[in-house]
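Structure first, then comments.
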Amino acid sequence: MIAHCLRVSVSMPCSEHDRKRVMREDLQRSLRQRREQHRYRTRLTVDSPQGVEVVIDGRRLLSFCSNDYLGLARHPQLRQAMHAAIDRYGAGSGAAHLVSGHLREHQLLEEALAEFTGRPRALLFSTGYMANLGVIGALLGRGDTVFEDRYNHASLLDGGLLSGARLQRYAHADSDDLERRLTASRARRRLVVSDGVFSMDGDVAPLRELAALAARHDAWLMIDDAHGIGVLGARGRGSLEAAGLDTDAVPVLMGTLGKALGCFGAFVAGDEVLIETLIQQARSYVYTTAPPPAVAAAARAALRLIDAEAWRRDRLRANIRRFRNGARQLGLSLMPSDSPIQPLLVGDDADAVARARALYENGILVTPIRPPTVPEGTARLRITLSAEHRDEHIDRLLEMLG
Ligand SMILES: *Cc1c(COP(=O)(O)O)cnc(C)c1O
């Protein structure tokens with residue numbers, strides 16, 4: 001069989017069996033390469049609720065790598081809201097929103113999100129990844145152009161690619177580069193898209209400049225505030241509140257419910273035309289089952305806590321200050337971030353992995369982030385802080401880093 005193949009062609013296998021073998025060998029080779037490059041990704045299994053202390057392999061670890069910035073994921077009010085909704089509505093929603101899966105809990109959450117963001121309407125998506133794929137695809141198509149910050153979240157870049165629009169990536173947080181590209185563009189429809197808080201660096205986008213540029217060049221602006229909602233702004237409304245930008249300046253606001261809100265899911269908030277367009281055309285909204293109603297109920301409880309427990313934001317800010325001051329004294333290379341995302345740049349992939357392992361052995365959980373998630377040569381320890389960290393937790397982390 002093999003001999004026959006070789007006679008016909010060296011590179012082209014001649015039977016289905018051989019083609020399958022080629023596929024397996026290719027996959028094995030790329031897995032091996034990943035391992036050799038210290039880029040192999042693995043998972044840890046956690047045997048406790050999310051929190052600043054987690055249990056892994058029977059050991060209690062101090063965690064600095066959750067996006068549960070306010071400590072809401074196991075808050076009693078979220079759990080109660082979820083239990084009550086399960087008792088009333090059961091587990092699954094049973095269908096897509098446009099069929100029979102749009103339950104009262106989803107509707108109430110959308111109304112609460114519109115109110116929370118101060119926008120006419122909001123639309124619930126199952127995940128942030130899906131929201132970003134759906135929105136860009138619904139707004140743009142062939143002949144249009146989407147301008148994205150080079151460091152945007154993968155879901156925004158994927159959304160841009162999938163939309164069929166021309167994708168232009170401008171230099172990170174570089175308004176001049178964006179302006180040059182907008183000036184040169186002939187596209188009739190243009191959408192500028194940026195993370196509000198960049199997920200791997202923790203810095204905030206130059207939002208007022210982006211808004212001014214979008215206005216001047218007849219582009220719409222979309223901000224993904226996955227890491228800003230609940231955390232930034234005097235009332236926890238996110239990076240747009242902090243920058244003082246309204247629906248007119250930023251027509252498309254996307255936020256997630258799985259980070260500071262401690263639940264799961266995402267939303268897009270904007271005006272009537274935007275939301276109705278998404279309901280008609282966002283494929284990741286139309287062709288998927290609505291999230292479990294209990295998740296929506298928990299998210300609504302989280303929104304109430306953002307107002308009722310403002311001390312969580314204050315506490316988080318104090319923790320960020322304590323960490324940065326301590327790290328500066330140790331001479332660690334901090335990034336310019338005032339958000340709960342405080343990465344320590346390491347550079348080399350193997351180094352980042354070794355440092356994370358050393359911390360793990362000392363009871364501290366921090367994830368090493370390597371390419372392709374971040375640019376080549378910028379592997380880092382992505383430290384994230386929570387309102388639930390106490391001073392002694394932060395001091396212990398600093399001591400270990402020192
Ligand atoms: C986490 C994240 C997403 C994806 O949200 P999920 O709800 O986890 O799918 C999108 N954008 C940014 C900037 C994120 O950090």
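Ordered as shown in the structure tokens, chains take letters A, B, and onward, while each chain numbers its residues from 1 and ligands are numbered from 1 in the order shown.
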Kindly assemble as a Markdown table a list of the stretch 188-270 of chain A residues that lie within 10 Å of stretch 60-72 of chain A, each paired with its nearest atom pair and their distance in Å to one decimal, using only C-alpha atoms, sorted first by chain and then by ascending residue number.
| residue | atom | partner | partner_atom | distance |
| --- | --- | --- | --- | --- |
| A:Ser199 | CA | A:Asn67 | CA | 9.9 |
| A:Ala226 | CA | A:Asn67 | CA | 9.7 |
| A:His227 | CA | A:Asn67 | CA | 8.0 |
| A:Gly230 | CA | A:Leu70 | CA | 8.0 |
| A:Val231 | CA | A:Tyr69 | CA | 7.6 |
| A:Gly258 | CA | A:Asp68 | CA | 7.7 |
| A:Lys259 | CA | A:Asn67 | CA | 4.8 |
| A:Ala260 | CA | A:Tyr69 | CA | 4.9 |
| A:Leu261 | CA | A:Leu72 | CA | 6.3 |
| A:Gly262 | CA | A:Leu72 | CA | 4.9 |
| A:Cys263 | CA | A:Leu72 | CA | 8.1 |
### Task
Please identify the residues whose atoms come within 7 Å of ligand 1, using only C-alpha atoms and all ligand atoms, and report them as a count of residues only.
20
### Message
For the strand (DSSP E) assignment from backbone DSSP, which residues of stretch 268-388 of chain A qualify? Please present them as a PyMOL selection string.
### Response
chain A and resi 268-270+341-347+364-365+367-369+379-384
### Query
Between A:Gln80, A:Ser100, A:Leu44, A:Met222, which has the minimum distance to A:Thr289 (counting only C-alpha atoms)?
A:Ser100
### Query
How many Å lie between atom CA of A:Asp348 and atom CA of A:Pro206, rounded to one decimal?
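So the answer is 28.8 Å.
Proximity of A:Leu191, A:Val295, A:Gln168, A:Leu156 to A:Ala85, computed with only C-alpha atoms, is greatest for A:Val295.
Excluding A:Leu133 itself and same-chain residues fewer than 2 positions from it, the residues having an atom within 8 Å of it are Tyr129, Met130, Ala131, Val135, Ile136, Gly137, Ser155, Leu156, Asp158, Gly159, Gly160, Leu162, Ser163 and Ser284 of chain A, counting only C-alpha atoms.
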Would you export the selected residues with C-alpha atoms as an mmCIF file, in the first residue's frame, please?
data_model
loop_
_atom_site.group_PDB
_atom_site.id
_atom_site.type_symbol
_atom_site.label_atom_id
_atom_site.label_comp_id
_atom_site.auth_asym_id
_atom_site.auth_seq_id
_atom_site.Cartn_x
_atom_site.Cartn_y
_atom_site.Cartn_z
ATOM 1 C CA TYR A 129 -16.705 36.161 22.171
ATOM 2 C CA MET A 130 -20.043 35.639 20.457
ATOM 3 C CA ALA A 131 -21.122 39.257 20.965
ATOM 4 C CA VAL A 135 -21.811 42.744 16.166
ATOM 5 C CA ILE A 136 -19.057 43.350 13.632
ATOM 6 C CA GLY A 137 -20.623 40.892 11.179
ATOM 7 C CA SER A 155 -12.737 37.892 19.501
ATOM 8 C CA LEU A 156 -12.737 41.407 18.038
ATOM 9 C CA ASP A 158 -11.880 37.324 14.608
ATOM 10 C CA GLY A 159 -15.122 39.293 14.277
ATOM 11 C CA GLY A 160 -13.409 41.690 11.902
ATOM 12 C CA LEU A 162 -15.325 36.970 9.670
ATOM 13 C CA SER A 163 -17.339 40.049 8.690
ATOM 14 C CA SER A 284 -24.167 34.496 16.930
#
### Task
Pick out each residue of stretch 35-157 of chain A that DSSP on the backbone tags as alpha helix (DSSP H); I need them as a ChimeraX atom specification.
/A:35-36,76-89,104-117,128-139,154-157
Print the selection's residues with N, CA and C atoms to a file, as a short mmCIF file (atom, residue, chain, number, x, y, z; two decimals), in the first residue's frame.
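Resulting contents of selection-v1.cif:
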data_model
loop_
_atom_site.label_atom_id
_atom_site.label_comp_id
_atom_site.auth_asym_id
_atom_site.auth_seq_id
_atom_site.Cartn_x
_atom_site.Cartn_y
_atom_site.Cartn_z
N ARG A 35 5.26 22.38 22.62
CA ARG A 35 5.90 21.98 23.87
C ARG A 35 7.35 22.45 23.91
N GLU A 36 8.05 22.24 22.79
CA GLU A 36 9.46 22.64 22.74
C GLU A 36 9.62 24.14 22.90
N PRO A 76 -23.32 35.75 48.21
CA PRO A 76 -24.60 35.11 48.60
C PRO A 76 -25.79 35.64 47.79
N GLN A 77 -25.78 36.92 47.44
CA GLN A 77 -26.95 37.44 46.71
C GLN A 77 -27.03 36.90 45.28
N LEU A 78 -25.87 36.65 44.66
CA LEU A 78 -25.90 36.04 43.32
C LEU A 78 -26.38 34.60 43.42
N ARG A 79 -25.91 33.92 44.45
CA ARG A 79 -26.32 32.52 44.60
C ARG A 79 -27.81 32.41 44.88
N GLN A 80 -28.31 33.30 45.74
CA GLN A 80 -29.75 33.28 46.03
C GLN A 80 -30.57 33.58 44.78
N ALA A 81 -30.13 34.58 44.01
CA ALA A 81 -30.88 34.95 42.80
C ALA A 81 -30.91 33.77 41.83
N MET A 82 -29.80 33.07 41.76
CA MET A 82 -29.72 31.93 40.86
C MET A 82 -30.62 30.79 41.33
N HIS A 83 -30.57 30.48 42.62
CA HIS A 83 -31.43 29.43 43.17
C HIS A 83 -32.90 29.74 42.90
N ALA A 84 -33.29 30.99 43.17
CA ALA A 84 -34.71 31.36 43.01
C ALA A 84 -35.13 31.21 41.55
N ALA A 85 -34.25 31.62 40.63
CA ALA A 85 -34.61 31.53 39.20
C ALA A 85 -34.67 30.07 38.74
N ILE A 86 -33.80 29.24 39.30
CA ILE A 86 -33.84 27.81 38.94
C ILE A 86 -35.18 27.21 39.40
N ASP A 87 -35.58 27.56 40.63
CA ASP A 87 -36.85 27.03 41.14
C ASP A 87 -38.02 27.47 40.28
N ARG A 88 -37.92 28.67 39.75
CA ARG A 88 -39.04 29.20 38.97
C ARG A 88 -39.00 28.76 37.51
N TYR A 89 -37.78 28.75 36.91
CA TYR A 89 -37.68 28.55 35.45
C TYR A 89 -36.95 27.27 35.05
N ARG A 104 -38.58 35.75 30.73
CA ARG A 104 -38.73 37.02 31.47
C ARG A 104 -37.42 37.45 32.11
N GLU A 105 -36.63 36.51 32.66
CA GLU A 105 -35.35 36.88 33.29
C GLU A 105 -34.40 37.54 32.30
N HIS A 106 -34.39 37.08 31.04
CA HIS A 106 -33.53 37.71 30.03
C HIS A 106 -34.00 39.14 29.77
N GLN A 107 -35.31 39.28 29.64
CA GLN A 107 -35.89 40.60 29.36
C GLN A 107 -35.59 41.58 30.49
N LEU A 108 -35.76 41.11 31.73
CA LEU A 108 -35.50 41.98 32.89
C LEU A 108 -34.03 42.39 32.94
N LEU A 109 -33.15 41.44 32.60
CA LEU A 109 -31.72 41.77 32.62
C LEU A 109 -31.40 42.81 31.53
N GLU A 110 -31.97 42.65 30.35
CA GLU A 110 -31.70 43.63 29.29
C GLU A 110 -32.16 45.02 29.71
N GLU A 111 -33.32 45.09 30.35
CA GLU A 111 -33.81 46.39 30.82
C GLU A 111 -32.89 46.96 31.88
N ALA A 112 -32.41 46.10 32.78
CA ALA A 112 -31.50 46.56 33.84
C ALA A 112 -30.16 47.02 33.24
N LEU A 113 -29.69 46.34 32.19
CA LEU A 113 -28.42 46.72 31.56
C LEU A 113 -28.55 48.06 30.82
N ALA A 114 -29.70 48.29 30.19
CA ALA A 114 -29.92 49.58 29.51
C ALA A 114 -29.88 50.69 30.56
N GLU A 115 -30.58 50.48 31.64
CA GLU A 115 -30.61 51.45 32.74
C GLU A 115 -29.19 51.65 33.32
N PHE A 116 -28.50 50.56 33.55
CA PHE A 116 -27.16 50.60 34.15
C PHE A 116 -26.18 51.40 33.29
N THR A 117 -26.25 51.18 31.97
CA THR A 117 -25.30 51.85 31.08
C THR A 117 -25.81 53.22 30.62
N GLY A 128 -19.04 36.93 25.52
CA GLY A 128 -18.42 38.10 24.92
C GLY A 128 -17.82 37.77 23.55
N TYR A 129 -17.27 36.60 23.45
CA TYR A 129 -16.71 36.16 22.17
C TYR A 129 -17.79 36.20 21.09
N MET A 130 -18.95 35.67 21.44
CA MET A 130 -20.04 35.64 20.46
C MET A 130 -20.58 37.03 20.17
N ALA A 131 -20.64 37.89 21.19
CA ALA A 131 -21.12 39.26 20.96
C ALA A 131 -20.23 39.95 19.94
N ASN A 132 -18.92 39.82 20.12
CA ASN A 132 -18.00 40.51 19.21
C ASN A 132 -18.07 39.96 17.79
N LEU A 133 -18.20 38.65 17.66
CA LEU A 133 -18.36 38.08 16.30
C LEU A 133 -19.65 38.60 15.68
N GLY A 134 -20.72 38.62 16.48
CA GLY A 134 -22.04 38.98 15.96
C GLY A 134 -22.16 40.44 15.57
N VAL A 135 -21.63 41.31 16.41
CA VAL A 135 -21.81 42.74 16.17
C VAL A 135 -21.10 43.19 14.89
N ILE A 136 -19.82 42.84 14.78
CA ILE A 136 -19.06 43.35 13.63
C ILE A 136 -19.64 42.79 12.33
N GLY A 137 -20.02 41.51 12.36
CA GLY A 137 -20.62 40.89 11.18
C GLY A 137 -21.97 41.50 10.81
N ALA A 138 -22.72 41.95 11.82
CA ALA A 138 -24.04 42.54 11.54
C ALA A 138 -23.91 43.95 10.98
N LEU A 139 -22.85 44.67 11.39
CA LEU A 139 -22.73 46.07 10.99
C LEU A 139 -21.97 46.25 9.68
N ALA A 154 -8.84 38.82 20.94
CA ALA A 154 -8.94 37.91 19.79
C ALA A 154 -10.34 37.88 19.18
N SER A 155 -11.36 37.98 20.02
CA SER A 155 -12.74 37.89 19.50
C SER A 155 -13.07 39.08 18.61
N LEU A 156 -12.49 40.23 18.88
CA LEU A 156 -12.74 41.41 18.04
C LEU A 156 -12.01 41.26 16.71
N LEU A 157 -10.81 40.74 16.76
CA LEU A 157 -10.06 40.54 15.52
C LEU A 157 -10.74 39.46 14.68
#
### Task
Select, from A:Ile229, A:Ser185, A:Gly164, A:Ala297, the residue with the minimum atom-to-atom distance to A:Leu103, counting only C-alpha atoms.
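Under the stated criterion, the closest residue is A:Ala297.
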### Task
May I have the residues within 9 Å of A:Thr378 as a ChimeraX atom specification, using only C-alpha atoms and disregarding those fewer than 4 positions away in the same chain?
/A:345-349,369-371,374
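A straight line drawn from atom CA of A:Ser194 to atom CA of A:Leu182 is 14.7 Å long.
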Neighbouring residues of A:Asp203 were defined as those with any atom within 8 Å, considering only C-alpha atoms; residues of the same chain fewer than 5 positions away were excluded. Please report them as a compact mmCIF listing (two decimals) with all heavy atoms, in the first residue's frame.
# COMPACT_ATOMS: atom_id res chain seq x y z
N VAL A 197 -10.36 48.59 28.31
CA VAL A 197 -9.16 48.23 29.08
C VAL A 197 -8.55 47.04 28.36
O VAL A 197 -9.24 46.05 28.10
CB VAL A 197 -9.53 47.82 30.52
CG1 VAL A 197 -8.28 47.40 31.29
CG2 VAL A 197 -10.26 48.94 31.24
N PHE A 198 -7.27 47.12 28.01
CA PHE A 198 -6.66 46.02 27.25
C PHE A 198 -6.39 44.83 28.16
O PHE A 198 -5.80 44.97 29.23
CB PHE A 198 -5.40 46.52 26.54
CG PHE A 198 -5.76 47.40 25.38
CD1 PHE A 198 -5.91 48.77 25.55
CD2 PHE A 198 -6.02 46.85 24.13
CE1 PHE A 198 -6.31 49.58 24.50
CE2 PHE A 198 -6.42 47.65 23.07
CZ PHE A 198 -6.56 49.01 23.25
N MET A 335 3.77 47.59 34.15
CA MET A 335 3.27 48.20 32.93
C MET A 335 2.40 49.40 33.33
O MET A 335 1.97 49.50 34.47
CB MET A 335 2.46 47.18 32.13
CG MET A 335 3.13 45.83 32.07
SD MET A 335 3.68 45.18 30.50
CE MET A 335 2.29 45.06 29.51
N PRO A 336 2.17 50.33 32.40
CA PRO A 336 1.41 51.53 32.76
C PRO A 336 -0.08 51.23 32.90
O PRO A 336 -0.87 51.53 32.02
CB PRO A 336 1.67 52.49 31.59
CG PRO A 336 1.99 51.60 30.44
CD PRO A 336 2.58 50.35 31.00
N SER A 337 -0.47 50.66 34.02
CA SER A 337 -1.86 50.24 34.20
C SER A 337 -2.37 50.66 35.57
O SER A 337 -1.71 50.44 36.58
CB SER A 337 -1.95 48.71 34.08
OG SER A 337 -3.12 48.24 34.70
N ASP A 338 -3.57 51.26 35.58
CA ASP A 338 -4.23 51.57 36.85
C ASP A 338 -5.40 50.63 37.07
O ASP A 338 -6.21 50.83 37.97
CB ASP A 338 -4.73 53.02 36.85
CG ASP A 338 -3.57 53.99 36.82
OD1 ASP A 338 -2.57 53.73 37.51
OD2 ASP A 338 -3.66 55.00 36.09
N SER A 339 -5.52 49.62 36.23
CA SER A 339 -6.64 48.69 36.32
C SER A 339 -6.25 47.50 37.18
O SER A 339 -5.09 47.37 37.58
CB SER A 339 -7.03 48.24 34.90
OG SER A 339 -6.10 47.30 34.43
### Among listed residues A:Gly202, A:Pro291, A:Pro120, A:Gly141, nearest A:Val268 (using only C-alpha atoms)
A:Pro120
### Task
Rounded to one decimal place, report the atom CA of A:Leu278-atom CA of A:Leu221 distance in Å.
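Computing it gives 15.8 Å between the two atoms.
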